[in-house]
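Structure first, then comments.
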Amino acid sequence: MQATTSEIVKAAAARMTAEKGPISSLPLECFLSIAASSGPSTAINLALTGPAAYLAISGNERYLVDAMVYGAIGVNALPLALAQFHIGRPGRQNVRSLSMCKARQLVSFHAAVTYYADVLARRAMSRGPRPTNQDTITGEDVPACLKQVSARESDRFIRALYILQLVSRPEWQGVWTNSPPWLNQQVRCIQEILQDHLLEVIENDPGNAKKRRPWVPSQSLLAQFVVNTSLQVIWDQECQGSIVRAVMAYQKEATPSTIKQAWFSDDDKPWLKRDAGGRVSLNVDHVVTAWLEDDSGPRDSWLHTLLQMQVDEDTVFQPGIGCQFRCDRCMTIWGFVFWDREKLVWHSYNTMPTFEQMTGAASDVFVSPFEFRKWSRGRKLGYCDHDADY
């Protein structure tokens, strides 16, 4: 079995004398390359094994921190990772000013984020409107790209999880005015998908399941726990098989006023314009131009669900209403605003309207605040077969 870098470092460090050992005998560039690839925790342990290793790591701490943080977290998630620890604006200068211990905190927390991003993305993808094991129409195998989470989609799950952690802070309460509305829906979905995952963990906990009356938290309590508990703490508790005890302990601290949702729930009103009479305009040109995306999937799925009941006389929305956008619960557990457009089109049996078709149907439409709220609340339509399917 091939050893990992951390295992190699640990074995070599154990053979070191107080003055010199196999690792510190290496050329400095090679030593630093090994230390950088091993991560902050291993580098800290290595620095404590002897004077030579300590001097090499402490003397090159800025270089090592830069390599470790950018290598583990990446450019896209780094601003949110820094915000999580109140470090300020992203940039090489800020990253290199971090201590090795702070870098360890960032990298460790990001590991929890990426773990849940992977678990929840695969969970959501398996709950799509169409089964992905085989095409039910042609009988042919589904293309691999439709059964996998793309790099773009994974980045969206990571971003939503970071924001889920940040918005409970007072300084982040105004984040939605500077963010696209589909990001708000992503955070709403990720919160509920994470709650569903933890509920399943609790129900399958061996100690809990064997009780005559297994303990099951209310959705309200679980929502408070998810929004107000560090994702790293949740990960640690899940790995230790202690989620039930953790939620029970949190129940003693929670109050009815404790925040229980990380998203803005007032029907997309902050993003839409109004006329002089107060009617809501369904023209979203200003929203689209303000936030450009590398794939139109999240924007198009948000727009479809926004308009499908407001301009229901237009037939371009009807196929989606009966398929991938049938009700709020089905859409949420599928994570409808995370997927690339290619997946949306396939799940709609190629009936997903284009962005131009959707905006064209609503460009001159105004609705009263009452009608807007009536048809957008929950974005539900009739039946939901979630319980039967999943």
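Residue numbering restarts at 1 for every chain of the structure tokens, chains are lettered A, B, ... in their displayed order, and ligands are numbered from 1 as they appear.
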
Determine which residues of stretch 35-106 of chain A receive a DSSP assignment of helix (DSSP H, G or I), computed from the backbone, and state them as a compact mmCIF listing (two decimals) with N, CA, C and O atoms, in the first residue's frame.
```txt
# COMPACT_ATOMS: atom_id res chain seq x y z
N ALA A 35 7.09 19.71 3.15
CA ALA A 35 6.33 20.34 4.23
C ALA A 35 5.07 21.02 3.70
O ALA A 35 4.00 20.93 4.29
N ALA A 36 5.19 21.70 2.55
CA ALA A 36 4.03 22.42 1.99
C ALA A 36 2.93 21.45 1.57
O ALA A 36 1.75 21.73 1.75
N SER A 37 3.32 20.30 1.01
CA SER A 37 2.32 19.35 0.53
C SER A 37 1.71 18.52 1.65
O SER A 37 0.69 17.87 1.46
N SER A 38 2.32 18.54 2.83
CA SER A 38 1.83 17.71 3.93
C SER A 38 0.72 18.39 4.73
O SER A 38 0.02 17.73 5.49
N PRO A 40 -0.80 22.02 7.10
CA PRO A 40 -0.38 22.76 8.29
C PRO A 40 -0.18 21.88 9.53
O PRO A 40 0.79 22.05 10.26
N SER A 41 -1.08 20.94 9.78
CA SER A 41 -0.97 20.13 10.99
C SER A 41 0.32 19.33 11.00
O SER A 41 1.05 19.29 12.01
N THR A 42 0.63 18.67 9.88
CA THR A 42 1.85 17.88 9.80
C THR A 42 3.08 18.76 9.85
O THR A 42 4.09 18.41 10.47
N ALA A 43 3.02 19.94 9.21
CA ALA A 43 4.15 20.85 9.23
C ALA A 43 4.45 21.34 10.65
O ALA A 43 5.61 21.47 11.05
N ILE A 44 3.39 21.61 11.42
CA ILE A 44 3.58 22.04 12.81
C ILE A 44 4.23 20.92 13.62
O ILE A 44 5.17 21.14 14.39
N ASN A 45 3.75 19.71 13.45
CA ASN A 45 4.35 18.58 14.15
C ASN A 45 5.79 18.36 13.74
O ASN A 45 6.65 18.05 14.58
N LEU A 46 6.06 18.53 12.46
CA LEU A 46 7.42 18.37 11.96
C LEU A 46 8.36 19.41 12.55
O LEU A 46 9.51 19.10 12.90
N ALA A 47 7.85 20.64 12.69
CA ALA A 47 8.69 21.71 13.23
C ALA A 47 9.10 21.43 14.67
O ALA A 47 10.13 21.94 15.14
N PRO A 51 15.62 21.11 16.10
CA PRO A 51 16.02 22.48 15.75
C PRO A 51 16.10 22.74 14.26
O PRO A 51 15.68 23.79 13.79
N ALA A 52 16.65 21.78 13.51
CA ALA A 52 16.83 22.00 12.07
C ALA A 52 15.48 22.16 11.38
O ALA A 52 15.28 23.07 10.56
N ALA A 53 14.54 21.26 11.68
CA ALA A 53 13.21 21.34 11.08
C ALA A 53 12.49 22.60 11.52
O ALA A 53 11.82 23.27 10.71
N TYR A 54 12.62 22.96 12.79
CA TYR A 54 11.94 24.15 13.31
C TYR A 54 12.43 25.41 12.59
O TYR A 54 11.64 26.26 12.17
N LEU A 55 13.75 25.54 12.44
CA LEU A 55 14.31 26.73 11.80
C LEU A 55 13.91 26.80 10.32
O LEU A 55 13.61 27.88 9.80
N ALA A 56 13.89 25.65 9.65
CA ALA A 56 13.52 25.64 8.24
C ALA A 56 12.07 26.06 8.05
O ALA A 56 11.74 26.84 7.14
N ILE A 57 11.17 25.56 8.90
CA ILE A 57 9.74 25.88 8.76
C ILE A 57 9.42 27.28 9.24
O ILE A 57 8.72 28.04 8.56
N SER A 58 9.93 27.67 10.40
CA SER A 58 9.63 29.01 10.91
C SER A 58 10.25 30.09 10.03
O SER A 58 9.69 31.18 9.86
N GLY A 59 11.41 29.80 9.43
CA GLY A 59 12.05 30.79 8.57
C GLY A 59 11.38 30.94 7.22
O GLY A 59 11.63 31.91 6.50
N GLU A 61 7.85 30.39 6.89
CA GLU A 61 6.44 30.22 7.23
C GLU A 61 5.52 30.90 6.22
O GLU A 61 4.48 30.34 5.83
N ARG A 62 5.88 32.09 5.75
CA ARG A 62 5.01 32.79 4.80
C ARG A 62 4.86 32.00 3.50
O ARG A 62 3.76 31.88 2.96
N TYR A 63 5.96 31.49 3.01
CA TYR A 63 5.91 30.69 1.77
C TYR A 63 5.04 29.46 1.98
O TYR A 63 4.19 29.11 1.14
N LEU A 64 5.25 28.76 3.10
CA LEU A 64 4.51 27.54 3.36
C LEU A 64 3.02 27.80 3.54
O LEU A 64 2.18 27.07 3.01
N VAL A 65 2.68 28.82 4.30
CA VAL A 65 1.26 29.16 4.51
C VAL A 65 0.59 29.49 3.19
O VAL A 65 -0.53 29.04 2.91
N ASP A 66 1.25 30.27 2.36
CA ASP A 66 0.71 30.63 1.05
C ASP A 66 0.43 29.38 0.22
O ASP A 66 -0.66 29.21 -0.34
N ALA A 67 1.40 28.48 0.17
CA ALA A 67 1.24 27.26 -0.63
C ALA A 67 0.14 26.37 -0.07
O ALA A 67 -0.66 25.79 -0.81
N MET A 68 0.09 26.24 1.25
CA MET A 68 -0.90 25.36 1.87
C MET A 68 -2.31 25.88 1.72
O MET A 68 -3.24 25.14 1.38
N VAL A 69 -2.52 27.16 1.99
CA VAL A 69 -3.87 27.73 1.97
C VAL A 69 -4.41 27.78 0.54
O VAL A 69 -5.55 27.34 0.28
N TYR A 70 -3.62 28.30 -0.40
CA TYR A 70 -4.09 28.35 -1.78
C TYR A 70 -4.24 26.95 -2.36
O TYR A 70 -5.17 26.68 -3.14
N GLY A 71 -3.34 26.04 -1.98
CA GLY A 71 -3.42 24.68 -2.51
C GLY A 71 -4.62 23.93 -2.00
O GLY A 71 -5.27 23.19 -2.75
N ALA A 72 -4.97 24.11 -0.74
CA ALA A 72 -6.08 23.36 -0.15
C ALA A 72 -7.43 23.99 -0.43
O ALA A 72 -8.42 23.29 -0.65
N ILE A 73 -7.51 25.31 -0.41
CA ILE A 73 -8.80 26.00 -0.49
C ILE A 73 -9.11 26.50 -1.90
O ILE A 73 -10.24 26.43 -2.36
N GLY A 74 -8.10 27.00 -2.59
CA GLY A 74 -8.30 27.50 -3.94
C GLY A 74 -8.77 28.94 -3.97
O GLY A 74 -9.25 29.48 -2.97
N VAL A 75 -8.65 29.54 -5.13
CA VAL A 75 -8.94 30.97 -5.28
C VAL A 75 -10.43 31.26 -5.11
O VAL A 75 -10.80 32.26 -4.49
N ASN A 76 -11.30 30.40 -5.62
CA ASN A 76 -12.74 30.69 -5.61
C ASN A 76 -13.32 30.75 -4.20
O ASN A 76 -14.12 31.63 -3.87
N ALA A 77 -12.93 29.82 -3.34
CA ALA A 77 -13.50 29.75 -1.99
C ALA A 77 -12.74 30.58 -0.97
O ALA A 77 -13.23 30.79 0.14
N LEU A 78 -11.54 31.05 -1.34
CA LEU A 78 -10.69 31.71 -0.35
C LEU A 78 -11.32 32.95 0.29
O LEU A 78 -11.21 33.13 1.52
N PRO A 79 -11.99 33.85 -0.46
CA PRO A 79 -12.60 35.02 0.20
C PRO A 79 -13.58 34.63 1.30
O PRO A 79 -13.61 35.25 2.37
N LEU A 80 -14.38 33.59 1.07
CA LEU A 80 -15.34 33.16 2.08
C LEU A 80 -14.64 32.46 3.25
O LEU A 80 -15.07 32.59 4.40
N ALA A 81 -13.58 31.74 2.95
CA ALA A 81 -12.83 31.08 4.02
C ALA A 81 -12.18 32.11 4.94
O ALA A 81 -12.19 31.96 6.16
N LEU A 82 -11.64 33.17 4.36
CA LEU A 82 -11.03 34.23 5.17
C LEU A 82 -12.09 34.95 5.99
O LEU A 82 -11.87 35.29 7.16
N ALA A 83 -13.25 35.19 5.38
CA ALA A 83 -14.34 35.86 6.10
C ALA A 83 -14.81 35.01 7.28
O ALA A 83 -15.20 35.55 8.32
N GLN A 84 -14.79 33.70 7.12
CA GLN A 84 -15.22 32.81 8.19
C GLN A 84 -14.40 33.02 9.46
O GLN A 84 -14.91 32.89 10.58
N ARG A 92 -2.81 37.86 -1.53
CA ARG A 92 -1.58 37.20 -1.14
C ARG A 92 -1.01 37.81 0.15
O ARG A 92 -0.48 37.12 1.02
N GLN A 93 -1.12 39.13 0.31
CA GLN A 93 -0.55 39.78 1.48
C GLN A 93 -1.24 39.30 2.76
O GLN A 93 -0.60 38.99 3.76
N ASN A 94 -2.58 39.21 2.72
CA ASN A 94 -3.31 38.75 3.90
C ASN A 94 -3.02 37.29 4.20
O ASN A 94 -2.88 36.89 5.36
N VAL A 95 -2.94 36.47 3.18
CA VAL A 95 -2.71 35.04 3.39
C VAL A 95 -1.32 34.83 3.98
O VAL A 95 -1.14 34.05 4.92
N ARG A 96 -0.33 35.52 3.46
CA ARG A 96 1.03 35.32 3.94
C ARG A 96 1.24 35.89 5.34
O ARG A 96 2.25 35.59 5.99
N MET A 100 0.96 29.73 11.01
CA MET A 100 0.71 28.35 10.63
C MET A 100 -0.50 27.80 11.37
O MET A 100 -1.28 27.01 10.81
N CYS A 101 -0.70 28.22 12.62
CA CYS A 101 -1.87 27.74 13.39
C CYS A 101 -3.17 28.24 12.79
O CYS A 101 -4.17 27.51 12.72
N LYS A 102 -3.19 29.50 12.33
CA LYS A 102 -4.40 30.03 11.69
C LYS A 102 -4.64 29.34 10.35
O LYS A 102 -5.79 29.05 10.00
N ALA A 103 -3.58 29.07 9.63
CA ALA A 103 -3.72 28.34 8.36
C ALA A 103 -4.31 26.96 8.62
O ALA A 103 -5.13 26.47 7.83
N ARG A 104 -3.89 26.33 9.72
CA ARG A 104 -4.45 25.03 10.06
C ARG A 104 -5.95 25.14 10.29
O ARG A 104 -6.72 24.25 9.88
N GLN A 105 -6.41 26.20 10.94
CA GLN A 105 -7.85 26.39 11.17
C GLN A 105 -8.60 26.51 9.85
O GLN A 105 -9.65 25.89 9.65
N LEU A 106 -8.06 27.33 8.93
CA LEU A 106 -8.72 27.53 7.64
C LEU A 106 -8.81 26.23 6.86
O LEU A 106 -9.88 25.88 6.33
```

### Message
Ranking A:His347, A:Ser150, A:Ser368, A:Asp268 by minimum distance to A:Thr132 and counting only C-alpha atoms, which one comes first?
### Response
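So, comparing all the options, the nearest one is A:His347.
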
### Spatial neighbours of A:Lys269, max dist 12 Å, only C-alpha atoms, sep filter under 4 positions, as number ranges by chain
A: 176-177, 181, 264-265, 273-274, 278-282, 284, 287, 306, 369, 372-373, 376-377

### Summary
With distances taken over only C-alpha atoms, the candidate from A:Thr258, A:Thr289, A:Leu166, A:Tyr116 nearest A:Ile234 is A:Tyr116

### Contacts of A:Leu231 at 10 Å (only C-alpha atoms; same-chain gap of 5+ positions) as a count of residues only
13

#### Entry: A:Met352 environment, 9 Å, only C-alpha atoms, sequence neighbours closer than 5 positions dropped, as number ranges by chain
A: 304, 316-317, 319-320, 341, 344-347

Residues of stretch 280-374 of chain A classed as strand (DSSP E) by DSSP on the backbone are to be reported as a PDB file with C-alpha atoms, in the first residue's frame.
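Okay, out_15.pdb is ready:
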```pdb
ATOM      1  CA  VAL A 280     -44.177  44.267  -9.260  1.00  0.00           C
ATOM      2  CA  SER A 281     -42.364  44.112 -12.583  1.00  0.00           C
ATOM      3  CA  PHE A 366     -46.725  43.698 -13.949  1.00  0.00           C
ATOM      4  CA  VAL A 367     -48.593  42.046 -11.101  1.00  0.00           C
TER       5      VAL A 367
END
```

#### Entry: Residue nearest A:Thr351 among A:Gly128, A:Phe325, A:Met331, A:Leu199 (counting only C-alpha atoms)
A:Phe325

### Polymer residues at most 12 Å from A:Glu253, only C-alpha atoms, same-chain spacing of 2 or more positions, as a list of chain:residue names
A:Leu221, A:Gln224, A:Phe225, A:Asn228, A:Thr229, A:Ala246, A:Val247, A:Met248, A:Ala249, A:Tyr250, A:Gln251, A:Thr255, A:Pro256, A:Ser257, A:Thr258

Quick one: write out the picked residues with C-alpha atoms as an mmCIF file, in the first residue's frame?
```cif
data_model
loop_
_atom_site.group_PDB
_atom_site.id
_atom_site.type_symbol
_atom_site.label_atom_id
_atom_site.label_comp_id
_atom_site.auth_asym_id
_atom_site.auth_seq_id
_atom_site.Cartn_x
_atom_site.Cartn_y
_atom_site.Cartn_z
ATOM 1 C CA LEU A 221 -34.650 22.568 16.310
ATOM 2 C CA GLN A 224 -31.454 26.167 14.500
ATOM 3 C CA PHE A 225 -28.686 23.624 15.049
ATOM 4 C CA ASN A 228 -25.869 28.235 14.449
ATOM 5 C CA THR A 229 -23.340 25.403 14.762
ATOM 6 C CA ALA A 246 -24.830 17.148 20.003
ATOM 7 C CA VAL A 247 -28.356 18.106 18.911
ATOM 8 C CA MET A 248 -29.776 17.145 22.302
ATOM 9 C CA ALA A 249 -27.175 19.342 24.022
ATOM 10 C CA TYR A 250 -27.973 22.206 21.654
ATOM 11 C CA GLN A 251 -31.671 21.869 22.462
ATOM 12 C CA THR A 255 -34.629 29.609 22.395
ATOM 13 C CA PRO A 256 -37.677 30.364 20.215
ATOM 14 C CA SER A 257 -35.953 33.541 19.012
ATOM 15 C CA THR A 258 -32.763 31.772 17.884
#
```

### Message
From the options A:Arg188, A:Glu153, A:Asp205, A:Trp172, which residue's atoms come nearest to A:Gly297, counting only C-alpha atoms?
### Response
A:Glu153

### For A:Trp334: contacts at 12 Å, only C-alpha atoms, fewer than 5 positions along chain excluded, given as a PyMOL selection string
chain A and resi 120-131+186+188-190+192-193+196+301+324-329+339+343-344+347+386+390

Give me a file of those residues, with N, CA and C atoms, as a short mmCIF file (atom, residue, chain, number, x, y, z; two decimals), in the first residue's frame.
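For reference, part.cif as written:
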```cif
data_model
loop_
_atom_site.label_atom_id
_atom_site.label_comp_id
_atom_site.auth_asym_id
_atom_site.auth_seq_id
_atom_site.Cartn_x
_atom_site.Cartn_y
_atom_site.Cartn_z
N LEU A 120 -23.59 16.19 0.12
CA LEU A 120 -24.91 16.77 -0.14
C LEU A 120 -25.17 16.90 -1.64
N ALA A 121 -24.14 17.18 -2.43
CA ALA A 121 -24.32 17.27 -3.88
C ALA A 121 -24.73 15.91 -4.44
N ARG A 122 -24.07 14.85 -4.01
CA ARG A 122 -24.44 13.52 -4.50
C ARG A 122 -25.82 13.11 -4.00
N ARG A 123 -26.12 13.50 -2.78
CA ARG A 123 -27.46 13.20 -2.23
C ARG A 123 -28.53 13.90 -3.05
N ALA A 124 -28.32 15.19 -3.33
CA ALA A 124 -29.30 15.96 -4.09
C ALA A 124 -29.45 15.42 -5.52
N MET A 125 -28.31 15.12 -6.14
CA MET A 125 -28.35 14.67 -7.53
C MET A 125 -29.14 13.36 -7.68
N SER A 126 -29.10 12.52 -6.65
CA SER A 126 -29.83 11.25 -6.72
C SER A 126 -31.33 11.43 -6.57
N ARG A 127 -31.76 12.63 -6.25
CA ARG A 127 -33.19 12.90 -6.04
C ARG A 127 -33.79 13.76 -7.14
N GLY A 128 -33.20 13.69 -8.32
CA GLY A 128 -33.71 14.46 -9.44
C GLY A 128 -35.01 13.92 -9.99
N PRO A 129 -35.67 14.66 -10.84
CA PRO A 129 -36.97 14.23 -11.40
C PRO A 129 -36.88 12.96 -12.22
N ARG A 130 -35.72 12.74 -12.88
CA ARG A 130 -35.56 11.53 -13.70
C ARG A 130 -34.50 10.62 -13.09
N PRO A 131 -34.70 9.32 -13.07
CA PRO A 131 -33.65 8.42 -12.61
C PRO A 131 -32.46 8.46 -13.56
N GLN A 186 -29.97 28.92 -3.42
CA GLN A 186 -28.97 27.88 -3.16
C GLN A 186 -28.76 27.68 -1.66
N ARG A 188 -30.93 28.41 0.68
CA ARG A 188 -32.15 27.79 1.21
C ARG A 188 -32.11 26.28 0.98
N CYS A 189 -31.74 25.87 -0.22
CA CYS A 189 -31.70 24.45 -0.53
C CYS A 189 -30.64 23.72 0.30
N ILE A 190 -29.45 24.31 0.41
CA ILE A 190 -28.37 23.60 1.11
C ILE A 190 -28.71 23.43 2.58
N GLU A 192 -31.73 22.97 3.85
CA GLU A 192 -32.70 21.89 3.99
C GLU A 192 -32.10 20.53 3.63
N ILE A 193 -31.20 20.50 2.65
CA ILE A 193 -30.55 19.23 2.29
C ILE A 193 -29.66 18.76 3.44
N ASP A 196 -31.89 17.38 6.16
CA ASP A 196 -32.36 16.03 5.80
C ASP A 196 -31.27 14.99 6.03
N SER A 301 -33.04 28.26 -13.75
CA SER A 301 -33.97 27.53 -12.87
C SER A 301 -34.66 28.48 -11.91
N GLN A 324 -39.59 19.05 -13.74
CA GLN A 324 -38.52 19.35 -12.80
C GLN A 324 -38.85 20.47 -11.82
N PHE A 325 -39.91 21.24 -12.06
CA PHE A 325 -40.27 22.34 -11.17
C PHE A 325 -41.69 22.15 -10.63
N ARG A 326 -42.01 20.96 -10.18
CA ARG A 326 -43.40 20.69 -9.83
C ARG A 326 -43.80 21.23 -8.48
N CYS A 327 -42.91 21.24 -7.49
CA CYS A 327 -43.27 21.83 -6.20
C CYS A 327 -42.02 22.17 -5.42
N ASP A 328 -42.20 22.97 -4.41
CA ASP A 328 -41.08 23.47 -3.63
C ASP A 328 -40.27 22.34 -3.00
N ARG A 329 -40.94 21.38 -2.39
CA ARG A 329 -40.23 20.30 -1.70
C ARG A 329 -39.40 19.47 -2.67
N TRP A 339 -27.60 23.22 -10.46
CA TRP A 339 -27.16 22.41 -11.59
C TRP A 339 -26.91 23.23 -12.85
N LYS A 343 -27.97 19.70 -17.32
CA LYS A 343 -28.74 18.78 -16.48
C LYS A 343 -30.22 19.17 -16.46
N LEU A 344 -30.49 20.48 -16.38
CA LEU A 344 -31.87 20.95 -16.35
C LEU A 344 -32.61 20.54 -17.62
N HIS A 347 -33.31 16.72 -17.54
CA HIS A 347 -34.37 16.36 -16.60
C HIS A 347 -35.73 16.86 -17.05
N HIS A 386 -43.09 13.35 -3.49
CA HIS A 386 -41.80 13.14 -2.80
C HIS A 386 -41.85 11.91 -1.90
N TYR A 390 -39.20 8.85 -2.65
CA TYR A 390 -37.92 8.84 -1.96
C TYR A 390 -38.06 8.34 -0.53
#
```
